[in-house]
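**Q** My structure is in final.cif, and what it holds is mmCIF, C-alpha atoms:
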```
data_work
#
loop_
_atom_site.label_atom_id
_atom_site.label_comp_id
_atom_site.auth_asym_id
_atom_site.auth_seq_id
_atom_site.Cartn_x
_atom_site.Cartn_y
_atom_site.Cartn_z
CA MET A 814 42.83 -18.87 -53.87
CA ASP A 815 44.98 -18.95 -57.02
CA VAL A 816 44.24 -20.27 -60.51
CA GLU A 817 45.76 -23.65 -59.61
CA GLY A 818 43.46 -24.05 -56.62
CA TYR A 819 45.91 -23.38 -53.80
CA VAL A 820 44.79 -21.55 -50.67
CA TYR A 821 47.04 -18.97 -49.00
CA VAL A 822 46.58 -18.03 -45.34
CA ALA A 823 48.03 -14.98 -43.58
CA ASP A 824 49.11 -16.61 -40.31
CA GLN A 825 49.34 -13.40 -38.30
CA THR A 826 50.58 -14.60 -34.91
CA ASN A 827 53.23 -16.86 -36.46
CA ASN A 828 54.39 -14.11 -38.87
CA ARG A 829 54.16 -16.31 -41.95
CA VAL A 830 52.09 -17.22 -44.98
CA GLN A 831 50.94 -20.82 -45.28
CA LYS A 832 49.96 -22.55 -48.52
CA PHE A 833 47.44 -25.43 -48.65
CA THR A 834 45.56 -27.51 -51.16
CA THR A 835 41.77 -27.10 -51.20
CA GLU A 836 41.50 -30.28 -49.11
CA GLY A 837 43.71 -28.83 -46.38
CA ARG A 838 47.01 -30.54 -47.20
CA PHE A 839 49.94 -28.38 -46.15
CA VAL A 840 52.21 -27.43 -49.07
CA SER A 841 54.68 -24.78 -47.85
CA GLN A 842 55.21 -21.71 -45.71
CA TRP A 843 57.42 -18.64 -45.72
CA GLY A 844 58.12 -15.45 -43.82
CA GLY A 845 59.30 -15.41 -40.22
CA TYR A 846 59.41 -12.58 -37.73
CA GLY A 847 61.34 -9.48 -38.77
CA SER A 848 61.50 -6.44 -41.00
CA GLY A 849 64.06 -7.64 -43.53
CA ALA A 850 63.40 -8.64 -47.12
CA GLY A 851 61.06 -11.64 -47.12
CA GLN A 852 60.36 -11.44 -43.39
CA LEU A 853 56.91 -10.65 -42.02
CA PHE A 854 55.53 -8.88 -38.96
CA HIS A 855 51.81 -9.49 -38.39
CA PRO A 856 50.64 -10.30 -41.92
CA VAL A 857 46.90 -9.59 -41.96
CA GLY A 858 45.79 -9.77 -45.58
CA ILE A 859 46.71 -11.18 -48.98
CA ALA A 860 45.74 -10.15 -52.51
CA LEU A 861 46.54 -12.09 -55.68
CA GLY A 862 47.58 -9.67 -58.41
CA PRO A 863 46.63 -10.13 -62.06
CA GLU A 864 50.24 -11.01 -62.90
CA GLY A 865 50.14 -13.90 -60.40
CA TYR A 866 52.12 -12.43 -57.49
CA LEU A 867 50.93 -12.43 -53.88
CA TYR A 868 50.76 -9.09 -52.08
CA VAL A 869 50.90 -9.45 -48.28
CA VAL A 870 49.83 -6.63 -45.96
CA GLU A 871 52.09 -6.36 -42.90
CA HIS A 872 50.33 -4.52 -40.11
CA GLN A 873 53.36 -3.91 -37.91
CA ASN A 874 55.91 -3.29 -40.69
CA HIS A 875 53.63 -0.66 -42.31
CA ARG A 876 54.14 -2.12 -45.78
CA VAL A 877 53.08 -4.58 -48.46
CA SER A 878 55.48 -7.40 -49.38
CA LYS A 879 55.36 -9.07 -52.79
CA PHE A 880 56.04 -12.79 -53.31
CA THR A 881 55.74 -15.43 -56.00
CA ARG A 882 53.17 -18.13 -55.29
CA ASN A 883 56.04 -20.37 -54.17
CA GLY A 884 57.17 -17.85 -51.56
CA ARG A 885 60.11 -16.20 -53.30
CA PHE A 886 60.44 -12.60 -52.15
CA VAL A 887 60.12 -10.10 -55.02
CA GLY A 888 59.87 -6.68 -53.38
CA MET A 889 58.03 -4.46 -50.91
CA TRP A 890 56.37 -1.07 -50.89
CA GLY A 891 54.26 1.29 -48.81
CA THR A 892 56.78 2.31 -46.17
CA GLY A 893 56.24 5.98 -45.46
CA ASN A 894 52.73 5.90 -46.94
CA LEU A 895 51.01 3.23 -44.88
CA TYR A 896 50.19 3.40 -41.17
CA TYR A 897 49.24 0.04 -39.68
CA PRO A 898 47.62 -1.30 -42.87
CA VAL A 899 44.89 -3.89 -42.36
CA ALA A 900 43.41 -4.99 -45.71
CA ILE A 901 44.17 -5.06 -49.42
CA CYS A 902 42.28 -5.74 -52.65
CA VAL A 903 42.97 -5.33 -56.35
CA ASP A 904 40.63 -4.27 -59.15
CA ARG A 905 40.46 -5.55 -62.72
CA ALA A 906 42.81 -2.78 -63.88
CA GLY A 907 45.52 -4.03 -61.51
CA ILE A 908 45.23 -1.13 -59.06
CA PHE A 909 45.60 -2.02 -55.37
CA TYR A 910 43.53 -0.51 -52.55
CA VAL A 911 44.74 -0.57 -48.94
CA THR A 912 42.98 0.34 -45.69
CA GLN A 913 44.84 1.35 -42.56
CA LEU A 914 44.14 2.64 -39.05
CA GLY A 915 42.17 5.80 -39.61
CA PRO A 916 39.63 6.38 -42.37
CA LEU A 917 42.10 6.71 -45.26
CA ILE A 918 41.82 4.44 -48.32
CA GLN A 919 44.94 4.50 -50.53
CA LYS A 920 45.54 3.37 -54.13
CA PHE A 921 48.78 1.95 -55.53
CA THR A 922 50.12 0.42 -58.69
CA ALA A 923 51.59 -3.10 -58.53
CA ASP A 924 55.01 -1.48 -58.03
CA GLY A 925 53.82 0.58 -55.08
CA VAL A 926 53.42 3.95 -56.76
CA ALA A 927 50.72 5.93 -54.94
CA VAL A 928 48.03 6.99 -57.43
CA GLY A 929 45.21 8.26 -55.24
CA ALA A 930 43.48 8.29 -51.86
CA TRP A 931 40.23 9.26 -50.15
CA TYR A 932 38.65 9.28 -46.72
CA ALA A 933 35.82 6.95 -45.77
CA ASP A 934 33.55 9.48 -44.09
CA GLY A 935 32.07 8.39 -40.80
CA MET A 936 34.33 5.36 -40.45
CA THR A 937 36.78 5.10 -37.58
CA ARG A 938 38.49 1.85 -38.53
CA PRO A 939 37.90 0.68 -42.11
CA TYR A 940 38.99 -2.94 -42.40
CA GLY A 941 37.52 -5.16 -45.08
CA LEU A 942 37.93 -4.27 -48.76
CA ALA A 943 36.58 -5.71 -51.99
CA SER A 944 36.55 -4.71 -55.63
CA GLY A 945 33.20 -5.46 -57.22
CA PRO A 946 32.57 -6.82 -60.73
CA ASP A 947 31.37 -3.37 -61.82
CA GLY A 948 34.49 -1.63 -60.48
CA GLU A 949 32.98 -0.41 -57.21
CA ILE A 950 35.15 -0.50 -54.07
CA LEU A 951 33.42 -1.74 -50.91
CA VAL A 952 34.72 -0.91 -47.45
CA ALA A 953 33.72 -2.52 -44.13
CA ASP A 954 34.01 -0.67 -40.82
CA HIS A 955 35.50 -2.66 -37.92
CA ASP A 956 33.29 -0.68 -35.52
CA GLY A 957 30.13 -1.81 -37.26
CA GLY A 958 27.55 -0.13 -39.43
CA PRO A 959 26.73 -0.84 -43.08
CA ILE A 960 29.25 -1.53 -45.85
CA GLN A 961 30.18 1.65 -47.76
CA ARG A 962 30.28 1.71 -51.58
CA TYR A 963 32.62 3.94 -53.61
CA THR A 964 33.74 4.44 -57.17
CA SER A 965 37.39 3.61 -57.84
CA THR A 966 38.16 7.33 -57.48
CA GLY A 967 36.51 7.63 -54.06
CA THR A 968 33.06 9.03 -54.87
CA PHE A 969 30.57 7.77 -52.30
CA LEU A 970 27.73 5.71 -53.82
CA GLY A 971 25.74 4.34 -50.90
CA TYR A 972 25.48 1.51 -48.38
CA ILE A 973 24.92 -2.24 -48.17
CA GLY A 974 23.30 -3.45 -44.97
CA LEU A 975 21.26 -1.86 -42.23
CA PRO A 976 22.25 1.16 -40.11
CA GLY A 977 23.93 0.71 -36.76
CA SER A 978 25.98 -2.07 -35.22
CA GLY A 979 23.81 -5.08 -34.37
CA SER A 980 22.81 -8.69 -34.89
CA ALA A 981 19.67 -8.39 -37.01
CA PRO A 982 19.89 -9.86 -40.53
CA GLY A 983 21.69 -7.25 -42.60
CA GLN A 984 23.42 -5.65 -39.62
CA PHE A 985 27.08 -6.16 -38.73
CA LYS A 986 29.39 -6.24 -35.73
CA GLY A 987 33.04 -5.76 -36.62
CA PRO A 988 32.85 -7.01 -40.23
CA HIS A 989 36.20 -7.86 -41.81
CA GLY A 990 36.47 -9.92 -45.00
CA LEU A 991 34.40 -9.03 -48.07
CA ARG A 992 34.29 -11.15 -51.23
CA PHE A 993 32.20 -11.38 -54.41
CA ASP A 994 31.37 -14.69 -56.06
CA ASP A 995 31.15 -15.15 -59.83
CA ARG A 996 27.44 -14.23 -59.82
CA GLY A 997 28.13 -10.87 -58.20
CA ASP A 998 26.77 -11.82 -54.77
CA LEU A 999 28.64 -10.30 -51.83
CA PHE A 1000 29.71 -12.41 -48.83
CA VAL A 1001 30.67 -10.70 -45.57
CA ALA A 1002 32.62 -12.21 -42.68
CA ASP A 1003 30.50 -10.72 -39.89
CA THR A 1004 33.26 -11.20 -37.34
CA PHE A 1005 31.77 -10.40 -33.94
CA ASN A 1006 28.41 -11.93 -34.83
CA ASP A 1007 30.20 -15.22 -35.63
CA ARG A 1008 28.49 -15.65 -38.99
CA VAL A 1009 28.69 -15.07 -42.74
CA GLN A 1010 26.09 -12.93 -44.51
CA GLN A 1011 25.22 -13.01 -48.22
CA PHE A 1012 23.81 -10.14 -50.31
CA ASP A 1013 22.75 -9.99 -53.95
CA ALA A 1014 24.38 -7.81 -56.60
CA ALA A 1015 21.99 -4.95 -55.79
CA GLY A 1016 22.88 -5.09 -52.08
CA GLY A 1017 19.73 -6.89 -50.93
CA PHE A 1018 20.07 -9.30 -48.01
CA LEU A 1019 19.80 -12.98 -49.03
CA THR A 1020 20.82 -15.24 -46.17
CA LEU A 1021 23.24 -15.85 -43.32
CA TRP A 1022 24.73 -18.83 -41.56
CA GLY A 1023 26.87 -19.65 -38.55
CA THR A 1024 26.52 -19.53 -34.78
CA THR A 1025 29.05 -19.13 -31.99
CA GLY A 1026 31.06 -22.25 -31.19
CA ALA A 1027 33.70 -24.72 -32.31
CA ARG A 1028 31.57 -27.43 -33.90
CA PRO A 1029 31.48 -27.87 -37.70
CA GLY A 1030 29.55 -24.97 -39.17
CA GLN A 1031 30.03 -22.77 -36.11
CA PHE A 1032 32.45 -19.84 -35.92
CA SER A 1033 34.58 -17.90 -33.50
CA SER A 1034 35.38 -14.51 -35.06
CA PRO A 1035 35.48 -15.37 -38.79
CA VAL A 1036 37.67 -12.84 -40.58
CA ASP A 1037 37.73 -13.64 -44.30
CA VAL A 1038 36.07 -15.56 -47.11
CA ALA A 1039 37.24 -16.94 -50.47
CA PHE A 1040 35.90 -19.09 -53.32
CA ASP A 1041 37.06 -21.83 -55.65
CA GLY A 1042 35.64 -22.84 -59.01
CA LEU A 1043 33.59 -25.70 -57.56
CA GLY A 1044 30.92 -23.69 -55.74
CA ARG A 1045 32.64 -23.76 -52.39
CA ILE A 1046 33.29 -20.95 -49.93
CA TYR A 1047 36.31 -20.96 -47.62
CA VAL A 1048 35.93 -19.16 -44.29
CA SER A 1049 38.91 -18.18 -42.14
CA ASP A 1050 37.63 -19.09 -38.67
CA TRP A 1051 40.17 -17.04 -36.71
CA GLY A 1052 39.13 -17.81 -33.15
CA ASN A 1053 39.08 -21.56 -33.85
CA SER A 1054 42.44 -21.47 -35.73
CA ARG A 1055 41.03 -23.25 -38.77
CA ILE A 1056 39.60 -22.90 -42.26
CA GLN A 1057 36.06 -24.16 -42.86
CA VAL A 1058 34.82 -25.05 -46.34
CA PHE A 1059 31.13 -24.96 -47.30
CA GLN A 1060 29.13 -25.97 -50.34
CA TYR A 1061 27.08 -22.80 -50.50
CA GLN A 1062 24.80 -23.52 -53.45
CA PRO A 1063 21.98 -23.53 -52.57
CA THR A 1064 22.76 -23.72 -48.83
CA PRO A 1065 25.85 -24.61 -46.78
CA THR A 1066 25.17 -28.28 -46.01
CA ARG A 1067 28.61 -29.86 -45.84
CA SER A 1068 31.87 -28.65 -44.35
CA LEU A 1069 35.54 -29.53 -44.42
CA SER A 1070 37.55 -28.09 -41.54
CA TRP A 1071 41.31 -27.84 -41.45
CA GLY A 1072 44.20 -25.93 -39.96
CA SER A 1073 47.96 -26.05 -39.71
CA ILE A 1074 48.06 -29.09 -37.39
CA LYS A 1075 45.17 -31.38 -38.20
CA ALA A 1076 42.28 -31.71 -40.64
CA ARG A 1077 38.90 -33.25 -40.18
CA TYR A 1078 35.90 -33.89 -42.37
CA ARG A 1079 32.30 -34.21 -41.33
CA PRO A 1080 29.49 -35.05 -43.79
#
```
Represent the structure from my file as structure tokens, please.

**A**
Amino acid sequence: MDVEGYVYVADQTNNRVQKFTTEGRFVSQWGGYGSGAGQLFHPVGIALGPEGYLYVVEHQNHRVSKFTRNGRFVGMWGTGNLYYPVAICVDRAGIFYVTQLGPLIQKFTADGVAVGAWYADGMTRPYGLASGPDGEILVADHDGGPIQRYTSTGTFLGYIGLPGSGSAPGQFKGPHGLRFDDRGDLFVADTFNDRVQQFDAAGGFLTLWGTTGARPGQFSSPVDVAFDGLGRIYVSDWGNSRIQVFQYQPTPTRSLSWGSIKARYRP
């Protein structure tokens, strides 16, 4: 979600980025299969940098590609440093954090200069990343278990969520996307539990929603979350090939569902 309210989707299987309005109207797309400048090979994550550029993680090209918000290719970096990268986030200082296969978390400047790294102890496949309002870096493990908290230099701080991989409130199965809202609450795309979980700024469990299925409000492997300035949360419902939009204050009571082919609205 950018400052103008456009939504950007990493369309992994089609090797492209798609741009939509908040109501699901298609605006543009770019990329295409390949390893050349401006081409994409399995884009899996997007971060919006403080200068307004989009940074796209390419899992199979082992790099990050940089674009304007209209899709003009600007540059790329990470080749030689990244090994099957899977997620990206940026902190308030403009430093980017990237996870990859294996427990290594790497730090880069906006120009791709490596400025640090650390290992997420006990994690086999760190996926989701988020930079918190207090500068903490949160990391989700694809194989389950609680969210790990670190300083921006890699010092371990603690956990969010319950131990083990499971379906109890506060437990996770294959969590991917992590995102903070403007109050400091954390939202987790709990992928293999087909739900979204919400935690307060101190890491306490608040609520969850979603069940398995294709009806409005149901999910099939949700992988990411985002927010706009109107109190709405956007959930990338990967298995259903759509984006669902919820009014999450105080509870998700209305949804707009859309994808690349058709959009539908249910009150």

**Q** Counting all atoms listed in the file, which of A:Ile859, A:Ile908, A:Leu1021, A:Val1009 gets nearest to Ala927 (chain A)?

**A** A:Ile908

**Q** Let me know the residues the PyMOL selection byres ((chain A and resi 925) around 8) catches in the file above, as a ChimeraX atom specification.

**A** /A:889-891,921-924,926-927

**Q** Could you tell me how far CA of Gln873 (chain A) lies from CA of Pro856 (chain A), in Å and to one decimal?

**A**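 Interatomic distance here is 8.0 Å.
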
**Q** Applying the PyMOL selection byres ((chain A and resi 972) around 12) to the file I just gave you, which residues come out? Please list them as a list in words.

**A**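 Here the PyMOL selection byres ((chain A and resi 972) around 12) matches Ala933, Glu949, Ile950, Leu951, Val952, Ala953, Asp954, Gly958, Pro959, Ile960, Gln961, Arg962, Tyr963, Phe969, Leu970, Gly971, Ile973, Gly974, Leu975, Pro976, Gly977, Gly983, Gln984, Phe1012, Ala1015, Gly1016 and Gly1017 of chain A.
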
**Q** Which residues, named as in the file, does the PyMOL selection byres ((chain A and resi 1032) around 12) pick out? Answer as a ChimeraX atom specification.

**A** /A:1002-1009,1022-1031,1033-1037,1048-1058,1070

**Q** Save out the residues we just selected, C-alpha atoms, as a PDB file, in the coordinates of the input.

**A**
```
ATOM      1  CA  ALA A1002      32.620 -12.210 -42.680  1.00  0.00           C
ATOM      2  CA  ASP A1003      30.500 -10.720 -39.890  1.00  0.00           C
ATOM      3  CA  THR A1004      33.260 -11.200 -37.340  1.00  0.00           C
ATOM      4  CA  PHE A1005      31.770 -10.400 -33.940  1.00  0.00           C
ATOM      5  CA  ASN A1006      28.410 -11.930 -34.830  1.00  0.00           C
ATOM      6  CA  ASP A1007      30.200 -15.220 -35.630  1.00  0.00           C
ATOM      7  CA  ARG A1008      28.490 -15.650 -38.990  1.00  0.00           C
ATOM      8  CA  VAL A1009      28.690 -15.070 -42.740  1.00  0.00           C
ATOM      9  CA  TRP A1022      24.730 -18.830 -41.560  1.00  0.00           C
ATOM     10  CA  GLY A1023      26.870 -19.650 -38.550  1.00  0.00           C
ATOM     11  CA  THR A1024      26.520 -19.530 -34.780  1.00  0.00           C
ATOM     12  CA  THR A1025      29.050 -19.130 -31.990  1.00  0.00           C
ATOM     13  CA  GLY A1026      31.060 -22.250 -31.190  1.00  0.00           C
ATOM     14  CA  ALA A1027      33.700 -24.720 -32.310  1.00  0.00           C
ATOM     15  CA  ARG A1028      31.570 -27.430 -33.900  1.00  0.00           C
ATOM     16  CA  PRO A1029      31.480 -27.870 -37.700  1.00  0.00           C
ATOM     17  CA  GLY A1030      29.550 -24.970 -39.170  1.00  0.00           C
ATOM     18  CA  GLN A1031      30.030 -22.770 -36.110  1.00  0.00           C
ATOM     19  CA  SER A1033      34.580 -17.900 -33.500  1.00  0.00           C
ATOM     20  CA  SER A1034      35.380 -14.510 -35.060  1.00  0.00           C
ATOM     21  CA  PRO A1035      35.480 -15.370 -38.790  1.00  0.00           C
ATOM     22  CA  VAL A1036      37.670 -12.840 -40.580  1.00  0.00           C
ATOM     23  CA  ASP A1037      37.730 -13.640 -44.300  1.00  0.00           C
ATOM     24  CA  VAL A1048      35.930 -19.160 -44.290  1.00  0.00           C
ATOM     25  CA  SER A1049      38.910 -18.180 -42.140  1.00  0.00           C
ATOM     26  CA  ASP A1050      37.630 -19.090 -38.670  1.00  0.00           C
ATOM     27  CA  TRP A1051      40.170 -17.040 -36.710  1.00  0.00           C
ATOM     28  CA  GLY A1052      39.130 -17.810 -33.150  1.00  0.00           C
ATOM     29  CA  ASN A1053      39.080 -21.560 -33.850  1.00  0.00           C
ATOM     30  CA  SER A1054      42.440 -21.470 -35.730  1.00  0.00           C
ATOM     31  CA  ARG A1055      41.030 -23.250 -38.770  1.00  0.00           C
ATOM     32  CA  ILE A1056      39.600 -22.900 -42.260  1.00  0.00           C
ATOM     33  CA  GLN A1057      36.060 -24.160 -42.860  1.00  0.00           C
ATOM     34  CA  VAL A1058      34.820 -25.050 -46.340  1.00  0.00           C
ATOM     35  CA  SER A1070      37.550 -28.090 -41.540  1.00  0.00           C
TER      36      SER A1070
END
```

**Q** With all atoms listed in the file as the counted atoms, please give the residues lying no more than 7 Å from Gly818 (chain A), apart from itself and same-chain residues fewer than 4 positions off, as a list of chain:residue names.

**A**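 What passes the distance filter is A:Met814, A:Thr834, A:Thr835, A:Asp1041.
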
**Q** Could you check which of A:Ala860, A:Val822, A:Val840, A:Ala906 is closest to Asp947 (chain A), using all atoms listed in the file?

**A**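 Ranking A:Ala860, A:Val822, A:Val840, A:Ala906 by distance to Asp947 (chain A), first place goes to A:Ala906.
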
**Q** What does the distance between CA of Ala823 (chain A) and CA of Gly979 (chain A) come to in Å, to one decimal place?

**A** 27.7 Å

**Q** Work out how far apart CA of Trp843 (chain A) and CA of Val903 (chain A) are and give it in Å to one decimal.

**A** 22.3 Å
